[in-house]
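Structure file final.txt (compact mmCIF, C-alpha atoms and all ligand atoms) follows.
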# COMPACT_ATOMS: atom_id res chain seq x y z
CA MET A 1 -4.04 18.78 -32.68
CA ASP A 2 -0.59 19.37 -31.18
CA ILE A 3 -1.30 20.69 -27.71
CA SER A 4 -4.09 20.86 -25.12
CA VAL A 5 -3.43 23.35 -22.35
CA VAL A 6 -5.42 22.39 -19.26
CA VAL A 7 -5.83 25.19 -16.73
CA PRO A 8 -7.51 24.48 -13.37
CA LEU A 9 -8.73 27.65 -11.72
CA TYR A 10 -10.53 28.80 -8.64
CA ASN A 11 -11.28 32.52 -8.31
CA GLU A 12 -8.61 33.79 -10.68
CA GLU A 13 -10.58 36.44 -12.58
CA GLU A 14 -7.74 39.00 -12.66
CA SER A 15 -5.16 36.62 -14.10
CA LEU A 16 -7.19 34.97 -16.85
CA PRO A 17 -7.04 37.62 -19.62
CA GLU A 18 -3.25 37.96 -19.26
CA LEU A 19 -2.77 34.20 -19.17
CA HIS A 20 -4.92 33.73 -22.26
CA ALA A 21 -3.09 36.43 -24.20
CA TRP A 22 0.29 34.98 -23.23
CA ILE A 23 -0.59 31.41 -24.22
CA THR A 24 -2.07 32.65 -27.49
CA ARG A 25 1.09 34.57 -28.31
CA VAL A 26 3.37 31.58 -27.62
CA MET A 27 1.18 29.26 -29.70
CA ALA A 28 1.07 31.68 -32.64
CA GLU A 29 4.84 32.23 -32.56
CA ASN A 30 5.44 28.48 -32.77
CA GLY A 31 2.65 27.60 -35.17
CA PHE A 32 1.05 25.00 -32.88
CA SER A 33 -2.50 23.78 -33.35
CA TYR A 34 -3.98 23.87 -29.86
CA GLU A 35 -6.86 24.23 -27.47
CA ILE A 36 -7.07 25.82 -24.04
CA ILE A 37 -9.37 24.05 -21.59
CA PHE A 38 -10.26 26.20 -18.61
CA CYS A 39 -11.43 23.98 -15.75
CA ASN A 40 -13.38 26.25 -13.46
CA ASP A 41 -13.42 24.69 -10.02
CA GLY A 42 -16.59 26.38 -8.78
CA SER A 43 -15.25 29.95 -8.72
CA THR A 44 -17.41 32.42 -6.83
CA ASP A 45 -15.89 35.50 -8.49
CA ASP A 46 -16.27 36.64 -12.08
CA SER A 47 -13.96 34.01 -13.59
CA MET A 48 -16.76 32.43 -15.62
CA ARG A 49 -17.79 35.75 -17.14
CA VAL A 50 -14.16 36.41 -18.12
CA ILE A 51 -13.86 32.95 -19.73
CA ARG A 52 -17.08 33.49 -21.69
CA GLU A 53 -15.74 36.81 -22.97
CA LEU A 54 -12.48 35.16 -24.04
CA ALA A 55 -14.32 32.31 -25.76
CA LYS A 56 -16.42 34.74 -27.80
CA ASP A 57 -13.44 35.82 -29.88
CA ASP A 58 -11.34 32.69 -29.71
CA GLU A 59 -12.44 29.24 -30.78
CA HIS A 60 -9.42 27.68 -29.07
CA VAL A 61 -10.99 28.36 -25.69
CA HIS A 62 -13.02 25.58 -24.09
CA CYS A 63 -14.38 25.33 -20.60
CA VAL A 64 -15.66 22.82 -18.10
CA SER A 65 -17.14 24.34 -14.99
CA PHE A 66 -18.02 22.72 -11.66
CA SER A 67 -21.14 23.71 -9.78
CA ARG A 68 -19.06 24.05 -6.62
CA ASN A 69 -15.46 23.92 -5.45
CA TYR A 70 -14.27 20.29 -5.61
CA GLY A 71 -10.50 20.79 -5.70
CA LYS A 72 -7.64 21.03 -8.13
CA SER A 73 -7.43 17.26 -8.76
CA PRO A 74 -11.04 16.84 -9.89
CA ALA A 75 -10.65 19.94 -12.08
CA LEU A 76 -7.56 18.45 -13.73
CA ASN A 77 -9.30 15.11 -14.15
CA GLU A 78 -12.18 16.68 -16.06
CA GLY A 79 -9.72 18.61 -18.23
CA PHE A 80 -7.78 15.40 -18.98
CA LYS A 81 -10.96 13.63 -20.07
CA ARG A 82 -11.64 16.33 -22.65
CA ALA A 83 -8.11 16.94 -23.91
CA GLN A 84 -7.53 16.11 -27.58
CA GLY A 85 -3.97 17.28 -28.20
CA ASP A 86 -1.07 14.84 -28.70
CA VAL A 87 0.67 16.61 -25.84
CA VAL A 88 -1.26 17.80 -22.81
CA ILE A 89 0.16 20.65 -20.77
CA THR A 90 -1.20 21.62 -17.37
CA MET A 91 -0.62 25.07 -15.99
CA ASP A 92 -1.84 27.02 -12.99
CA ALA A 93 -4.05 29.99 -13.76
CA ASP A 94 -2.32 32.44 -11.41
CA LEU A 95 0.50 33.42 -13.82
CA GLN A 96 3.10 31.77 -11.57
CA ASP A 97 3.86 29.34 -14.42
CA SER A 98 5.19 30.74 -17.66
CA PRO A 99 3.63 29.75 -21.02
CA ASP A 100 7.04 30.45 -22.58
CA GLU A 101 8.07 26.99 -21.37
CA ILE A 102 5.51 25.29 -23.63
CA PRO A 103 7.64 24.83 -26.80
CA GLU A 104 10.50 23.13 -24.94
CA LEU A 105 8.12 20.92 -22.93
CA TYR A 106 6.42 19.93 -26.20
CA ARG A 107 9.80 19.10 -27.73
CA MET A 108 10.81 16.94 -24.79
CA ILE A 109 7.65 14.86 -25.12
CA THR A 110 7.59 14.52 -28.90
CA GLU A 111 11.34 14.29 -29.64
CA ASP A 112 13.03 13.04 -26.47
CA GLY A 113 10.24 10.52 -25.94
CA TYR A 114 9.30 11.39 -22.37
CA ASP A 115 5.92 10.19 -21.08
CA LEU A 116 5.76 13.02 -18.58
CA VAL A 117 7.89 16.10 -18.00
CA SER A 118 7.47 17.93 -14.73
CA GLY A 119 8.49 21.52 -14.17
CA TRP A 120 11.01 22.28 -11.46
CA LYS A 121 10.69 25.68 -9.82
CA GLN A 122 14.37 25.72 -8.90
CA LYS A 123 14.15 29.36 -7.87
CA ARG A 124 10.84 29.83 -6.11
CA TYR A 125 9.03 33.02 -5.28
CA ASP A 126 7.02 31.71 -2.39
CA PRO A 127 7.31 32.45 1.35
CA LEU A 128 9.80 30.39 3.40
CA SER A 129 6.93 28.80 5.33
CA LYS A 130 6.10 27.06 2.09
CA THR A 131 9.46 26.38 0.48
CA ILE A 132 11.05 24.57 3.45
CA PRO A 133 8.23 22.06 4.08
CA THR A 134 8.07 21.59 0.31
CA LYS A 135 11.72 20.44 0.24
CA LEU A 136 10.95 17.85 2.92
CA PHE A 137 7.80 16.78 1.14
CA ASN A 138 9.63 16.24 -2.13
CA ALA A 139 12.40 14.24 -0.47
CA THR A 140 9.81 11.89 1.05
CA ALA A 141 7.89 11.61 -2.21
CA ARG A 142 11.10 10.74 -4.09
CA LYS A 143 11.91 8.01 -1.59
CA VAL A 144 8.44 6.46 -1.43
CA SER A 145 7.64 6.64 -5.13
CA GLY A 146 11.08 5.57 -6.33
CA ILE A 147 11.12 8.41 -8.86
CA LYS A 148 14.55 9.64 -7.90
CA ASN A 149 15.10 12.36 -10.45
CA LEU A 150 12.18 14.66 -9.56
CA HIS A 151 12.74 17.71 -7.38
CA ASP A 152 9.27 19.22 -7.56
CA PHE A 153 6.39 16.71 -7.65
CA ASN A 154 3.67 19.30 -7.21
CA CYS A 155 4.70 21.77 -9.91
CA GLY A 156 1.54 22.90 -11.68
CA LEU A 157 3.39 23.11 -14.98
CA LYS A 158 3.69 19.66 -16.51
CA ALA A 159 3.55 18.07 -19.94
CA TYR A 160 2.18 14.63 -20.78
CA LYS A 161 1.82 12.27 -23.66
CA LYS A 162 -1.89 12.06 -24.38
CA ALA A 163 -2.00 8.35 -23.43
CA VAL A 164 -0.79 9.16 -19.91
CA VAL A 165 -3.65 11.50 -19.02
CA LYS A 166 -6.16 9.08 -20.51
CA HIS A 167 -4.89 6.28 -18.27
CA ILE A 168 -4.60 7.96 -14.91
CA GLU A 169 -7.35 9.10 -12.64
CA VAL A 170 -6.59 12.14 -10.50
CA TYR A 171 -8.93 12.44 -7.49
CA GLY A 172 -8.99 13.90 -3.98
CA ASP A 173 -5.73 15.83 -3.59
CA MET A 174 -3.70 13.43 -5.70
CA HIS A 175 -2.55 16.12 -8.14
CA ARG A 176 0.52 16.35 -5.88
CA TYR A 177 1.56 12.87 -6.96
CA ILE A 178 0.69 12.70 -10.64
CA PRO A 179 4.20 11.43 -11.53
CA TYR A 180 3.69 8.58 -9.03
CA LEU A 181 0.25 7.82 -10.51
CA ALA A 182 1.80 7.80 -13.98
CA LYS A 183 4.60 5.50 -12.86
CA ASN A 184 2.10 3.09 -11.30
CA ALA A 185 0.20 3.09 -14.59
CA GLY A 186 3.39 1.98 -16.36
CA TYR A 187 4.61 5.32 -17.73
CA LYS A 188 8.13 5.33 -16.42
CA LYS A 189 10.00 7.75 -18.64
CA ILE A 190 9.57 10.77 -16.42
CA GLY A 191 11.72 13.85 -16.91
CA GLU A 192 12.18 17.25 -15.45
CA LYS A 193 12.73 20.74 -16.78
CA VAL A 194 13.81 23.76 -14.80
CA VAL A 195 11.08 26.37 -15.23
CA HIS A 196 10.71 30.02 -14.37
CA HIS A 197 8.50 30.79 -11.44
CA GLN A 198 6.97 34.11 -10.52
CA ALA A 199 5.42 35.53 -7.40
CA ARG A 200 1.64 35.49 -7.44
CA LYS A 201 0.53 38.66 -9.19
CA TYR A 202 -3.17 38.68 -8.24
CA GLY A 203 -5.22 37.04 -5.52
CA THR A 204 -3.91 34.68 -2.85
CA THR A 205 -2.93 31.02 -2.65
CA LYS A 206 -5.85 28.60 -2.48
CA PHE A 207 -4.11 26.07 -0.25
CA GLY A 208 -3.44 26.38 3.48
CA LEU A 209 -0.94 24.66 5.77
CA ASP A 210 -3.13 21.55 5.93
CA ARG A 211 -1.66 20.74 2.53
CA PHE A 212 1.36 19.21 4.23
CA VAL A 213 -0.58 16.91 6.56
CA ASN A 214 -2.92 15.82 3.77
CA GLY A 215 0.03 15.47 1.42
CA TYR A 216 1.70 12.91 3.66
CA LEU A 217 -1.51 10.96 4.24
CA ASP A 218 -2.11 10.80 0.50
CA LEU A 219 1.41 9.57 -0.07
CA ALA A 220 0.85 6.75 2.45
CA THR A 221 -2.40 5.83 0.66
CA LEU A 222 -0.75 5.78 -2.75
CA TRP A 223 2.13 3.68 -1.51
CA PHE A 224 -0.29 1.17 0.00
CA GLN A 225 -2.41 1.09 -3.14
CA SER A 226 0.52 0.55 -5.44
CA LYS A 227 1.92 -2.24 -3.26
CA PHE A 228 -1.20 -4.07 -2.10
CA GLY A 229 -4.08 -2.44 -3.98
CA ILE A 230 -5.21 -5.62 -5.72
CA LYS A 231 -3.98 -8.11 -3.13
CA PRO A 232 -4.70 -6.72 0.35
CA MET A 233 -4.56 -10.19 1.92
CA HIS A 234 -0.84 -10.33 1.17
CA ILE A 235 -0.13 -7.67 3.77
CA PHE A 236 -2.93 -8.27 6.27
CA GLY A 237 -2.52 -12.03 6.08
CA LEU A 238 1.19 -11.68 6.78
CA LEU A 239 0.62 -9.38 9.76
CA GLY A 240 -2.17 -11.63 11.04
CA SER A 241 -0.01 -14.76 10.81
CA LEU A 242 2.82 -12.98 12.59
CA MET A 243 0.48 -11.98 15.41
CA PHE A 244 -0.95 -15.49 15.68
CA PHE A 245 2.54 -16.91 15.85
CA ILE A 246 3.50 -14.52 18.67
CA GLY A 247 0.22 -15.39 20.43
CA PHE A 248 0.87 -19.09 20.02
CA LEU A 249 4.36 -18.81 21.53
CA ALA A 250 3.01 -16.77 24.44
CA THR A 251 0.22 -19.31 25.08
CA LEU A 252 2.75 -22.12 25.01
CA THR A 253 4.92 -20.26 27.51
CA VAL A 254 2.11 -19.54 29.91
CA LEU A 255 0.90 -23.14 29.76
CA THR A 256 4.40 -24.46 30.44
CA LEU A 257 4.74 -22.11 33.41
CA LYS A 258 1.44 -23.33 34.78
CA ILE A 259 2.33 -27.02 34.41
CA VAL A 260 5.76 -26.50 35.93
CA SER A 261 4.25 -24.66 38.91
CA MET A 262 1.70 -27.43 39.45
CA CYS A 263 4.42 -30.10 39.38
CA SER A 264 6.49 -28.17 41.88
CA ALA A 265 3.43 -28.00 44.16
CA ASP A 266 3.43 -24.18 43.93
CA TYR A 267 -0.32 -23.70 43.60
CA HIS A 268 -0.03 -19.95 43.97
CA PHE A 269 0.87 -19.40 40.33
CA TYR A 270 -2.12 -17.98 38.44
CA VAL A 271 -1.89 -17.58 34.67
CA THR A 272 -3.37 -14.08 35.01
CA ASN A 273 -0.25 -13.06 36.92
CA SER A 274 1.94 -13.74 33.91
CA VAL A 275 2.75 -11.14 31.27
CA TYR A 276 2.60 -13.93 28.67
CA PHE A 277 -1.09 -14.42 29.33
CA TYR A 278 -1.86 -10.83 28.29
CA LEU A 279 0.54 -11.04 25.38
CA SER A 280 -1.17 -14.14 24.01
CA LEU A 281 -4.60 -12.57 24.45
CA ALA A 282 -3.67 -9.30 22.71
CA ALA A 283 -1.73 -10.99 19.91
CA MET A 284 -4.55 -13.46 19.13
CA VAL A 285 -7.18 -10.71 19.00
CA MET A 286 -5.00 -8.49 16.81
CA GLY A 287 -4.10 -11.39 14.54
CA LEU A 288 -7.76 -12.19 14.03
CA GLN A 289 -8.48 -8.54 13.23
CA PHE A 290 -5.71 -8.39 10.65
CA PHE A 291 -7.11 -11.49 8.99
CA LEU A 292 -10.66 -10.15 8.94
CA THR A 293 -9.42 -6.83 7.50
CA GLY A 294 -7.62 -8.81 4.82
CA PHE A 295 -10.75 -10.80 3.94
CA ILE A 296 -12.87 -7.65 3.78
CA GLY A 297 -10.19 -5.99 1.64
CA GLU A 298 -10.30 -8.97 -0.73
CA LEU A 299 -14.10 -8.82 -0.95
CA ILE A 300 -13.92 -5.11 -1.77
CA THR A 301 -11.27 -5.49 -4.46
CA ARG A 302 -13.21 -8.45 -5.88
CA ASN A 303 -16.16 -6.11 -6.45
CA SER A 304 -14.14 -3.13 -7.61
CA PRO A 305 -14.60 -2.10 -11.24
CA GLU A 306 -10.83 -1.57 -11.32
CA ARG A 307 -10.04 -5.20 -10.50
CA ASN A 308 -9.31 -6.20 -14.08
CA LYS A 309 -8.22 -2.91 -15.54
CA TYR A 310 -4.70 -2.99 -16.90
CA GLY A 311 -2.67 -0.44 -18.79
CA ILE A 312 -1.95 -2.01 -22.21
CA GLY A 313 1.35 -0.91 -23.71
CA GLU A 314 0.97 -2.65 -27.05
CA GLU A 315 -1.46 -5.02 -28.70
CA TRP A 316 -1.02 -7.18 -31.81
N1 LIG B 1 -7.08 25.63 -7.73
C1 LIG B 1 -8.23 24.97 -8.09
N2 LIG B 1 -9.06 24.50 -7.10
C2 LIG B 1 -8.77 24.65 -5.77
C3 LIG B 1 -7.58 25.31 -5.43
C4 LIG B 1 -6.74 25.77 -6.43
O1 LIG B 1 -8.53 24.82 -9.27
O2 LIG B 1 -9.56 24.22 -4.93
C5 LIG B 1 -6.20 26.17 -8.79
C6 LIG B 1 -5.81 27.62 -8.61
O3 LIG B 1 -6.79 28.49 -9.13
C7 LIG B 1 -4.51 27.70 -9.39
C8 LIG B 1 -3.91 26.32 -9.15
O4 LIG B 1 -4.97 25.47 -8.76
O5 LIG B 1 -4.72 27.87 -10.77
C9 LIG B 1 -2.82 26.34 -8.07
O6 LIG B 1 -3.33 26.94 -6.89
P1 LIG B 1 -2.49 28.01 -6.04
O7 LIG B 1 -1.79 28.94 -6.97
O8 LIG B 1 -3.41 28.61 -5.05
O9 LIG B 1 -1.46 27.07 -5.32
P2 LIG B 1 0.05 27.41 -4.94
O10 LIG B 1 0.69 28.05 -6.15
O11 LIG B 1 -0.02 28.35 -3.79
O12 LIG B 1 0.65 26.07 -4.62
MG MG B 2 0.11 29.44 -7.41

Turn the structure described in the file into structure tokens.
Ligand code: UDP
Ligand code: MG
Amino acid sequence: MDISVVVPLYNEEESLPELHAWITRVMAENGFSYEIIFCNDGSTDDSMRVIRELAKDDEHVHCVSFSRNYGKSPALNEGFKRAQGDVVITMDADLQDSPDEIPELYRMITEDGYDLVSGWKQKRYDPLSKTIPTKLFNATARKVSGIKNLHDFNCGLKAYKKAVVKHIEVYGDMHRYIPYLAKNAGYKKIGEKVVHHQARKYGTTKFGLDRFVNGYLDLATLWFQSKFGIKPMHIFGLLGSLMFFIGFLATLTVLTLKIVSMCSADYHFYVTNSVYFYLSLAAMVMGLQFFLTGFIGELITRNSPERNKYGIGEEW
């Protein structure tokens, strides 16, 4: 099979028939063998009925449906598990992404050898309240992830080599950082294609302003995981040692002050009057906490099923 189109959807009943017809037309025009996997993320409208109707007359249509709304990332993850095509294409269900981009995306993966090609909605049809924070978000993501050539991390329209989607796990709200997940899994040939974007035709956006706060928190998590995920002691041990060292210096200082004051017969010097006393106390306690966090982190990674899971590029 050439292509699996994975479509996460939450309450998109109006868009689905048009989307299905459009994908079908593009596939027929290009002679691709394909499947469409609708990932219903617990829709409460008639989306499921519409998908069943579509599937009746079209064997290309497959569906995985959640019992409740879990989020776009879990929906994508389930779609990825089931995808069989050599190239996997993800696309939003709201008709904002154009299926006409599929042939070129497919070509970039199969001929240009990209692991992942992300769409770039260079001209966006979204309100300013969304486009401006998005610019900032993408700049930060570029910096933190080290993927310097991407302008639009969170574009719903993306194409992948099959191996990529089988090796990454998208959870929580991590769909915003799939290129970063792919890079961390060793798939570094990541490209970009300018894609057409349209205003939402039916329904409303499913994400609120909290997307930006959560987006940044997720980025921090991913950065930490990629740097210290399997060796947490390397960061906490370092911070702990640093704190202990500061605490040690402060203790030494306060002791010296005390001894000096005793020798000079100034018995009015109390260690509790010195700022170094409090510094040594705080630094020692914090240092100990960093160390304990590091040990607990090590115990957790030791028991994690991921601890010895590596992406294998080749095997002889
Ligand atoms: N979506 C989903 N689960 C959710 C929220 C959204 O599957 O909890 C789907 C939604 O139906 C759409 C895609 O993810 O197909 C992108 O969502 P939306 O268009 O609302 O996001 P925006 O374009 O505003 O970023
Ligand atoms: Mg949309």

- [ ] Skip segment 150-152 of chain A itself and residues of its chain fewer than 6 positions away, then list as a PyMOL selection string all residues within 12 Å of it, counting all atoms listed in the file.
- [x] chain A and resi 116-124+131+134-143+158+176-180+189-195

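Restricting the calculation to only C-alpha atoms and all ligand atoms, the smallest distance between ligand MG 2 (chain B) and any of A:Arg82, A:His197, A:Lys309, A:Arg25 is found for A:His197.
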
Distance query 7 Å from (3.0, 27.3, -22.3) using all atoms listed in the file, result as a compact mmCIF listing (two decimals) with C-alpha atoms, in the coordinates of the input:
# COMPACT_ATOMS: atom_id res chain seq x y z
CA ILE A 23 -0.59 31.41 -24.22
CA VAL A 26 3.37 31.58 -27.62
CA SER A 98 5.19 30.74 -17.66
CA PRO A 99 3.63 29.75 -21.02
CA ASP A 100 7.04 30.45 -22.58
CA GLU A 101 8.07 26.99 -21.37
CA ILE A 102 5.51 25.29 -23.63
CA PRO A 103 7.64 24.83 -26.80

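Across A:His62, A:Arg302, A:Lys258, A:Lys206, the tightest approach to ligand MG 2 (chain B) is made by A:Lys206 when counting all atoms listed in the file.
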
Using only C-alpha atoms and a cutoff of 9 Å, can you tell me which residues are near (8.4, 0.7, 1.0) in the file's coordinates, and write them out as a PDB file with C-alpha atoms, keeping the file's coordinate frame?
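To be explicit, this is the file written out as selection21.pdb:
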ATOM      1  CA  LYS A 143      11.910   8.010  -1.590  1.00  0.00           C
ATOM      2  CA  VAL A 144       8.440   6.460  -1.430  1.00  0.00           C
ATOM      3  CA  SER A 145       7.640   6.640  -5.130  1.00  0.00           C
ATOM      4  CA  TRP A 223       2.130   3.680  -1.510  1.00  0.00           C
ATOM      5  CA  PHE A 224      -0.290   1.170   0.000  1.00  0.00           C
ATOM      6  CA  LYS A 227       1.920  -2.240  -3.260  1.00  0.00           C
TER       7      LYS A 227
END

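Rounded to one decimal, atom CA of Thr204 of chain A and atom CA of Val6 of chain A lie 20.6 Å from each other.
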